[in-house]
$ cat work.txt   # compact mmCIF, C-alpha atoms
# COMPACT_ATOMS: atom_id res chain seq x y z
CA MET A 31 0.00 0.00 0.00
CA GLU A 32 2.84 2.37 0.85
CA ASN A 33 4.56 1.67 -2.47
CA GLU A 34 1.35 2.45 -4.36
CA GLU A 35 0.86 5.73 -2.47
CA THR A 36 4.48 6.66 -3.16
CA ARG A 37 4.07 6.00 -6.86
CA ASN A 38 0.88 8.10 -6.95
CA GLU A 39 2.67 10.98 -5.25
CA GLU A 40 5.49 10.81 -7.79
CA ILE A 41 3.10 11.09 -10.75
CA THR A 42 2.85 14.72 -11.81
CA PHE A 43 1.46 16.32 -14.94
CA GLU A 44 3.31 19.19 -16.53
CA ASN A 45 1.11 21.30 -18.78
CA ARG A 46 2.31 22.18 -22.25
CA ILE A 47 0.44 25.47 -21.92
CA PRO A 48 1.19 27.75 -18.93
CA LEU A 49 -2.22 28.26 -17.32
CA GLU A 50 -1.19 30.05 -14.14
CA GLU A 51 -2.17 33.48 -15.48
CA LEU A 52 -5.56 32.18 -16.60
CA LYS A 53 -6.22 30.62 -13.21
CA SER A 54 -5.20 33.84 -11.47
CA ALA A 55 -7.52 35.89 -13.71
CA VAL A 56 -10.48 33.60 -13.00
CA GLU A 57 -9.82 33.77 -9.24
CA SER A 58 -9.70 37.57 -9.45
CA LEU A 59 -13.04 37.67 -11.30
CA LYS A 60 -14.66 35.40 -8.74
CA ALA A 61 -13.18 37.38 -5.84
CA GLN A 62 -14.70 40.61 -7.15
CA LEU A 63 -18.14 39.08 -7.71
CA SER A 64 -18.14 37.38 -4.32
CA LYS A 65 -18.06 40.83 -2.69
CA ILE A 66 -21.71 41.25 -3.68
CA ILE A 67 -23.14 38.02 -5.08
CA ILE A 68 -24.00 35.36 -2.51
CA GLY A 69 -24.12 31.76 -3.73
CA GLN A 70 -24.98 31.26 -7.43
CA GLN A 71 -21.58 29.59 -7.91
CA LYS A 72 -22.64 27.58 -10.95
CA PHE A 73 -24.12 30.71 -12.53
CA ILE A 74 -20.85 32.63 -12.09
CA ASP A 75 -18.71 29.69 -13.26
CA LEU A 76 -20.72 29.36 -16.48
CA LEU A 77 -20.56 33.12 -17.11
CA ILE A 78 -16.77 32.98 -16.88
CA VAL A 79 -16.55 29.87 -19.06
CA GLY A 80 -18.83 31.54 -21.62
CA LEU A 81 -16.56 34.60 -21.68
CA LEU A 82 -13.40 32.51 -22.11
CA ALA A 83 -15.05 30.40 -24.82
CA ASP A 84 -16.07 33.57 -26.72
CA GLY A 85 -19.78 32.77 -26.49
CA HIS A 86 -23.03 34.56 -25.67
CA VAL A 87 -25.09 33.61 -22.62
CA LEU A 88 -28.85 33.49 -22.00
CA ILE A 89 -29.92 33.71 -18.36
CA GLU A 90 -33.36 32.47 -17.32
CA GLY A 91 -34.91 32.92 -13.91
CA VAL A 92 -37.84 34.42 -12.04
CA PRO A 93 -37.66 38.12 -11.06
CA GLY A 94 -35.46 38.99 -8.11
CA VAL A 95 -32.81 36.24 -8.27
CA ALA A 96 -29.99 38.66 -9.24
CA LYS A 97 -29.86 37.87 -12.97
CA THR A 98 -29.37 41.46 -14.08
CA ILE A 99 -27.19 42.66 -11.21
CA THR A 100 -24.85 39.69 -11.59
CA ALA A 101 -24.50 40.35 -15.31
CA LYS A 102 -23.83 44.06 -14.66
CA LEU A 103 -21.24 43.37 -11.98
CA PHE A 104 -19.63 40.70 -14.16
CA ALA A 105 -19.24 43.27 -16.93
CA LYS A 106 -17.74 45.74 -14.46
CA THR A 107 -14.92 43.31 -13.62
CA LEU A 108 -13.74 43.72 -17.22
CA LYS A 109 -11.92 46.81 -18.47
CA THR A 110 -14.29 47.10 -21.42
CA ASP A 111 -17.24 49.15 -22.58
CA PHE A 112 -20.66 48.08 -21.33
CA SER A 113 -24.18 48.87 -22.47
CA ARG A 114 -27.60 47.75 -21.32
CA ILE A 115 -30.65 47.49 -23.56
CA GLN A 116 -34.11 47.05 -22.08
CA PHE A 117 -36.17 45.14 -24.65
CA THR A 118 -39.80 46.26 -24.90
CA PRO A 119 -42.66 45.47 -27.35
CA ASP A 120 -42.21 48.82 -29.13
CA LEU A 121 -38.42 48.53 -29.59
CA MET A 122 -37.33 48.79 -33.23
CA PRO A 123 -34.21 47.22 -34.83
CA SER A 124 -32.75 50.69 -35.37
CA ASP A 125 -33.03 51.33 -31.61
CA VAL A 126 -30.57 48.47 -31.12
CA LEU A 127 -28.29 48.57 -34.17
CA GLY A 128 -28.30 52.26 -34.98
CA THR A 129 -29.45 54.22 -38.02
CA SER A 130 -28.26 56.53 -40.77
CA VAL A 131 -29.00 60.23 -40.15
CA LEU A 132 -28.65 63.19 -42.47
CA ASN A 133 -25.75 65.52 -41.76
CA ALA A 134 -27.03 69.01 -42.58
CA LYS A 135 -23.50 70.37 -43.11
CA THR A 136 -22.36 67.75 -45.62
CA SER A 137 -25.80 66.75 -46.96
CA ASP A 138 -24.67 63.12 -46.56
CA PHE A 139 -26.10 60.34 -44.46
CA GLU A 140 -23.92 59.29 -41.53
CA PHE A 141 -24.30 56.13 -39.50
CA LYS A 142 -25.10 56.67 -35.84
CA PRO A 143 -24.22 53.49 -33.90
CA GLY A 144 -26.79 51.99 -31.53
CA PRO A 145 -26.17 50.56 -28.05
CA ILE A 146 -25.20 47.17 -29.51
CA PHE A 147 -21.84 48.76 -30.34
CA SER A 148 -20.14 47.87 -27.09
CA ASN A 149 -18.00 45.05 -25.70
CA ILE A 150 -20.35 43.55 -23.13
CA VAL A 151 -24.02 44.05 -23.98
CA LEU A 152 -26.71 43.21 -21.43
CA ILE A 153 -30.13 42.68 -23.01
CA ASP A 154 -32.77 42.68 -20.31
CA GLU A 155 -35.92 40.62 -20.98
CA ILE A 156 -34.91 39.70 -24.51
CA ASN A 157 -38.22 37.93 -25.10
CA ARG A 158 -40.24 41.16 -24.73
CA ALA A 159 -39.21 42.55 -28.13
CA PRO A 160 -41.02 41.50 -31.32
CA ALA A 161 -39.52 39.10 -33.85
CA LYS A 162 -38.10 41.79 -36.14
CA THR A 163 -36.07 43.29 -33.29
CA GLN A 164 -34.88 39.88 -32.09
CA ALA A 165 -33.87 39.07 -35.69
CA ALA A 166 -31.64 42.16 -35.72
CA LEU A 167 -29.30 40.26 -33.39
CA PHE A 168 -28.78 37.27 -35.72
CA GLU A 169 -25.88 38.68 -37.69
CA VAL A 170 -24.12 40.52 -34.89
CA MET A 171 -24.17 37.53 -32.51
CA GLU A 172 -22.81 35.09 -35.08
CA GLU A 173 -20.48 37.22 -37.20
CA ARG A 174 -19.62 40.10 -34.84
CA GLN A 175 -20.75 42.62 -37.45
CA ILE A 176 -23.89 44.35 -38.67
CA THR A 177 -24.92 45.44 -42.15
CA ILE A 178 -26.73 48.76 -42.50
CA ASP A 179 -27.61 50.22 -45.92
CA GLY A 180 -25.34 47.66 -47.56
CA LYS A 181 -22.31 48.65 -45.48
CA GLN A 182 -20.70 46.35 -42.93
CA HIS A 183 -19.77 47.60 -39.48
CA VAL A 184 -17.45 45.29 -37.53
CA MET A 185 -17.76 45.08 -33.75
CA GLU A 186 -14.79 45.85 -31.55
CA LEU A 187 -13.57 42.74 -29.73
CA PRO A 188 -14.29 41.33 -27.24
CA PHE A 189 -18.02 41.22 -27.95
CA MET A 190 -20.39 39.28 -25.70
CA VAL A 191 -24.18 39.38 -25.38
CA ILE A 192 -25.67 38.51 -21.99
CA ALA A 193 -29.45 38.26 -22.22
CA THR A 194 -32.06 37.63 -19.53
CA GLN A 195 -35.59 36.32 -19.69
CA ASN A 196 -38.37 35.48 -17.26
CA PRO A 197 -39.78 31.94 -17.74
CA ILE A 198 -42.97 32.59 -15.76
CA GLU A 199 -44.60 35.74 -17.11
CA GLN A 200 -45.68 35.15 -20.72
CA GLU A 201 -47.99 38.12 -21.27
CA GLY A 202 -46.48 40.57 -23.77
CA THR A 203 -43.56 38.28 -24.61
CA TYR A 204 -42.32 36.75 -27.85
CA SER A 205 -40.62 33.36 -27.59
CA LEU A 206 -37.12 33.32 -29.04
CA PRO A 207 -36.95 31.28 -32.25
CA GLU A 208 -34.71 28.22 -32.34
CA ALA A 209 -32.26 30.00 -34.68
CA GLN A 210 -31.84 32.74 -32.05
CA LEU A 211 -31.44 30.31 -29.15
CA ASP A 212 -28.80 28.40 -31.10
CA ARG A 213 -26.55 31.47 -31.03
CA PHE A 214 -26.21 31.32 -27.24
CA ILE A 215 -23.48 28.98 -26.05
CA PHE A 216 -25.27 28.52 -22.70
CA LYS A 217 -28.72 28.89 -21.26
CA ILE A 218 -28.21 29.29 -17.52
CA LYS A 219 -31.16 28.65 -15.24
CA VAL A 220 -30.94 30.67 -12.02
CA ASN A 221 -32.87 29.29 -9.07
CA TYR A 222 -33.89 30.70 -5.69
CA PRO A 223 -31.11 30.86 -3.07
CA GLU A 224 -30.89 28.45 -0.15
CA LEU A 225 -32.13 29.66 3.26
CA ALA A 226 -28.62 30.27 4.62
CA GLU A 227 -27.68 32.15 1.44
CA GLU A 228 -30.76 34.35 1.70
CA VAL A 229 -29.84 35.25 5.29
CA MET A 230 -26.38 36.29 4.04
CA ILE A 231 -28.00 38.34 1.25
CA LEU A 232 -30.06 40.21 3.85
CA GLN A 233 -26.98 40.73 6.01
CA THR A 234 -24.84 42.14 3.18
CA HIS A 235 -27.65 44.47 2.08
CA HIS A 236 -28.00 45.69 5.65
CA GLU A 237 -24.25 46.25 6.05
CA ARG A 238 -23.93 48.17 2.76
CA GLN A 239 -26.40 50.76 4.11
CA GLY A 240 -27.55 51.92 0.70
CA VAL A 241 -24.12 51.97 -1.00
CA ALA A 242 -24.47 50.93 -4.65
CA PRO A 243 -22.95 47.48 -5.21
CA GLN A 244 -21.21 48.63 -8.41
CA THR A 245 -18.91 50.87 -6.39
CA LYS A 246 -17.37 47.85 -4.67
CA ILE A 247 -16.37 46.08 -7.91
CA GLU A 248 -13.01 46.69 -9.58
CA ALA A 249 -12.04 45.90 -13.18
CA VAL A 250 -9.41 43.14 -13.17
CA LEU A 251 -9.23 41.88 -16.76
CA ASP A 252 -8.46 43.94 -19.87
CA PRO A 253 -9.22 43.04 -23.51
CA GLU A 254 -5.60 42.24 -24.40
CA LYS A 255 -5.21 39.75 -21.56
CA LEU A 256 -8.63 38.25 -22.29
CA GLN A 257 -7.67 37.68 -25.91
CA ALA A 258 -4.40 36.06 -24.81
CA LEU A 259 -6.30 33.73 -22.47
CA ARG A 260 -8.74 32.80 -25.23
CA SER A 261 -5.81 31.96 -27.51
CA GLN A 262 -4.41 29.67 -24.82
CA ILE A 263 -7.75 27.89 -24.53
CA GLN A 264 -7.79 27.24 -28.27
CA GLY A 265 -4.63 25.20 -27.74
CA ILE A 266 -6.17 22.91 -25.10
CA ARG A 267 -5.83 19.30 -26.27
CA VAL A 268 -8.94 17.26 -27.10
CA GLU A 269 -8.33 13.63 -28.03
CA LYS A 270 -10.15 12.19 -31.03
CA LYS A 271 -12.07 9.71 -28.87
CA LEU A 272 -13.50 12.68 -26.92
CA LEU A 273 -14.51 14.38 -30.17
CA ASN A 274 -16.30 11.15 -31.08
CA TYR A 275 -17.93 11.18 -27.63
CA ILE A 276 -19.28 14.71 -28.19
CA ALA A 277 -20.47 13.92 -31.71
CA GLU A 278 -22.23 10.73 -30.60
CA ILE A 279 -24.12 12.50 -27.81
CA VAL A 280 -25.27 15.30 -30.12
CA SER A 281 -26.14 12.83 -32.88
CA LYS A 282 -28.39 10.87 -30.51
CA THR A 283 -30.47 14.00 -29.87
CA ARG A 284 -31.48 14.01 -33.54
CA ASN A 285 -33.14 10.60 -33.57
CA HIS A 286 -34.22 10.22 -29.93
CA PRO A 287 -37.88 9.16 -29.59
CA HIS A 288 -38.47 11.68 -26.79
CA LEU A 289 -37.32 14.66 -28.84
CA TYR A 290 -39.03 16.61 -31.60
CA LEU A 291 -35.89 18.62 -32.45
CA GLY A 292 -32.27 17.65 -31.90
CA ALA A 293 -29.12 19.76 -31.63
CA SER A 294 -27.14 21.15 -34.57
CA PRO A 295 -23.39 20.90 -35.29
CA ARG A 296 -23.10 24.34 -33.69
CA ALA A 297 -23.99 22.58 -30.42
CA SER A 298 -21.11 20.13 -30.90
CA ILE A 299 -18.69 23.01 -31.43
CA ALA A 300 -20.11 24.79 -28.36
CA ILE A 301 -19.60 21.67 -26.21
CA MET A 302 -16.02 21.32 -27.41
CA ASN A 303 -15.13 25.00 -26.86
CA ALA A 304 -16.83 25.12 -23.46
CA SER A 305 -15.17 21.91 -22.26
CA LYS A 306 -11.78 23.30 -23.30
CA ALA A 307 -12.46 26.42 -21.22
CA VAL A 308 -13.57 24.28 -18.25
CA ALA A 309 -10.36 22.24 -18.48
CA ALA A 310 -8.23 25.39 -18.59
CA VAL A 311 -10.02 26.90 -15.58
CA ASP A 312 -9.31 23.65 -13.71
CA GLY A 313 -5.61 24.01 -14.57
CA ARG A 314 -5.38 21.30 -17.24
CA ASP A 315 -4.24 21.64 -20.85
CA PHE A 316 -6.31 18.63 -21.90
CA VAL A 317 -10.04 17.82 -21.81
CA ILE A 318 -11.43 14.89 -19.84
CA PRO A 319 -14.94 13.36 -20.10
CA GLU A 320 -16.04 15.11 -16.89
CA ASP A 321 -15.42 18.52 -18.53
CA ILE A 322 -17.78 17.55 -21.34
CA LYS A 323 -20.44 16.28 -18.93
CA ARG A 324 -20.37 19.56 -16.97
CA VAL A 325 -21.38 21.64 -19.99
CA LEU A 326 -23.86 19.28 -21.68
CA GLU A 327 -27.02 20.55 -19.95
CA PRO A 328 -26.37 24.32 -20.33
CA VAL A 329 -25.29 23.83 -23.97
CA LEU A 330 -28.03 21.43 -25.08
CA GLY A 331 -30.95 22.38 -22.84
CA HIS A 332 -32.16 25.26 -25.04
CA ARG A 333 -31.29 23.60 -28.34
CA ILE A 334 -33.52 20.52 -28.12
CA ILE A 335 -37.32 20.34 -28.05
CA LEU A 336 -39.33 17.62 -26.35
CA SER A 337 -41.93 15.72 -28.34
CA PRO A 338 -45.49 16.88 -27.49
CA GLU A 339 -46.28 13.52 -25.87
CA ARG A 340 -43.28 13.64 -23.52
CA GLU A 341 -43.94 17.28 -22.66
CA MET A 342 -47.51 16.40 -21.66
CA GLU A 343 -46.15 13.60 -19.48
CA GLY A 344 -43.98 16.10 -17.60
CA SER A 345 -40.60 15.08 -19.00
CA THR A 346 -37.82 17.68 -19.13
CA THR A 347 -34.94 18.31 -21.49
CA SER A 348 -32.54 17.76 -18.56
CA SER A 349 -33.85 14.22 -18.02
CA VAL A 350 -33.51 13.40 -21.72
CA ILE A 351 -29.95 14.77 -21.82
CA GLU A 352 -29.10 12.63 -18.80
CA MET A 353 -30.70 9.60 -20.49
CA ILE A 354 -28.63 10.14 -23.64
CA THR A 355 -25.42 10.68 -21.67
CA HIS A 356 -25.90 7.38 -19.83
CA SER A 357 -26.48 5.58 -23.15
CA VAL A 358 -23.11 6.68 -24.60
CA GLU A 359 -20.00 4.86 -23.45
CA ILE A 360 -17.47 7.10 -21.72
CA PRO A 361 -14.06 7.07 -23.44
CA ARG A 362 -11.25 5.50 -21.44
$ encode --input "work.txt" --output "structure tokens"
Amino acid sequence: MENEETRNEEITFENRIPLEELKSAVESLKAQLSKIIIGQQKFIDLLIVGLLADGHVLIEGVPGVAKTITAKLFAKTLKTDFSRIQFTPDLMPSDVLGTSVLNAKTSDFEFKPGPIFSNIVLIDEINRAPAKTQAALFEVMEERQITIDGKQHVMELPFMVIATQNPIEQEGTYSLPEAQLDRFIFKIKVNYPELAEEVMILQTHHERQGVAPQTKIEAVLDPEKLQALRSQIQGIRVEKKLLNYIAEIVSKTRNHPHLYLGASPRASIAIMNASKAVAAVDGRDFVIPEDIKRVLEPVLGHRIILSPEREMEGSTTSSVIEMITHSVEIPR
């Protein structure tokens, strides 16, 4: 037994990619957010992974569970521009993207950028705007550019959309189409806090005595360092058998009897990129099956649709994802 323990202690893994700076940056982000946000660890972890994987994030939860404030504080930890857009039923695409206005001095039309021209964009209640306004986000979320009057306007990097929606109140809302949902790397469901966490929330609010939470958050990550960290993550190793594992799971969603709609190849790419970011955050330069399992539900949950029969029976997408995961052999 002693010999085996000695051998285990002697086994060390040396990363090909130096990940100390990435780990330090993630710890700094979490330290800033923990000044204000109580609990919600999974929520914060997925926000950070989404940022590192260069993806957009959809946050779903009932009112009052800190969706918006967490997104705002998260943006404040980055040394980037930030804008917030409140989606409403009367919001027009030009209110988001911008519009061309006539310059009286030159008699020419000039493009006036809308609030989407920022680095971190918080869209509050994204499902309250009509389809034509939601559709205005298709190009910018996928290609990081918009086209106005035949002219392309490229977004300044980094560019990340964080959107929120309320799953309960449906009056005056417009469900996001599948093509829109597919552009979010994650859909994060935020639940009520535990009793002990809620006591701590009350305590911190009482101790702040009206001081705005934003004033306690410092920016700790600049665009140049973020881009360098993203480049490191691209180099994280994924063995071919793990790529097969991802592809097999996603493929099974397309012919599963409980599902009406399966996931697209974009979902496979999202799983791979997210699992690489998870591995890097954990200090590894290679992906393991557990990294993939951790991101399956937030990546696939909003991309698959239950069959009407299963939905009536009370099944959930989470249970189907778990069923599919158990049916696929884990690579060794």
$ closest_residue --input "work.txt" --among "A:Leu76, A:Val184, A:Ile335, A:Ala61" --to "A:Thr283" --atoms "all atoms listed in the file"
A:Ile335
$ closest_residue --input "work.txt" --among "A:Phe117, A:Tyr275, A:Tyr290, A:Phe216" --to "A:Leu77" --atoms "all atoms listed in the file"
A:Phe216
$ closest_atom_pairs --input "work.txt" --of "stretch 162-277 of chain A" --to "stretch 314-328 of chain A" --cutoff "9 Å" --atoms "only C-alpha atoms" --output "tab-separated table"
residue	atom	partner	partner_atom	distance
A:Ile215	CA	A:Pro328	CA	7.9
A:Phe216	CA	A:Pro328	CA	4.9
A:Lys217	CA	A:Pro328	CA	5.2
A:Ile218	CA	A:Pro328	CA	6.0
A:Lys219	CA	A:Pro328	CA	8.2
A:Gln262	CA	A:Asp315	CA	9.0
A:Ile263	CA	A:Asp315	CA	8.1
A:Gly265	CA	A:Asp315	CA	7.8
A:Ile266	CA	A:Asp315	CA	4.8
A:Arg267	CA	A:Phe316	CA	4.4
A:Val268	CA	A:Val317	CA	5.4
A:Glu269	CA	A:Val317	CA	7.7
A:Leu272	CA	A:Pro319	CA	7.0
A:Tyr275	CA	A:Pro319	CA	8.4
A:Ile276	CA	A:Ile322	CA	7.6
$ closest_residue --input "work.txt" --among "A:Gln116, A:Ser261, A:Gln62, A:Ser205" --to "A:Lys246" --atoms "all atoms listed in the file"
A:Gln62
$ residues_around --input "work.txt" --residues "A:Ile66" --least-positions-apart "2" --cutoff "8 Å" --atoms "all atoms listed in the file" --output "list in words"
Gln62, Leu63, Ser64, Ile68, Thr234, Pro243 and Lys246 of chain A
$ closest_residue --input "work.txt" --among "A:Ile89, A:Ala165, A:Met190, A:Val170" --to "A:Thr110" --atoms "all atoms listed in the file"
A:Met190
$ atom_distance --input "work.txt" --atom1 "atom CA of A:Val241" --atom2 "atom CA of A:Phe112"
21.0 Å
$ atom_distance --input "work.txt" --atom1 "atom CA of A:Gly128" --atom2 "atom CA of A:Lys142"
5.5 Å
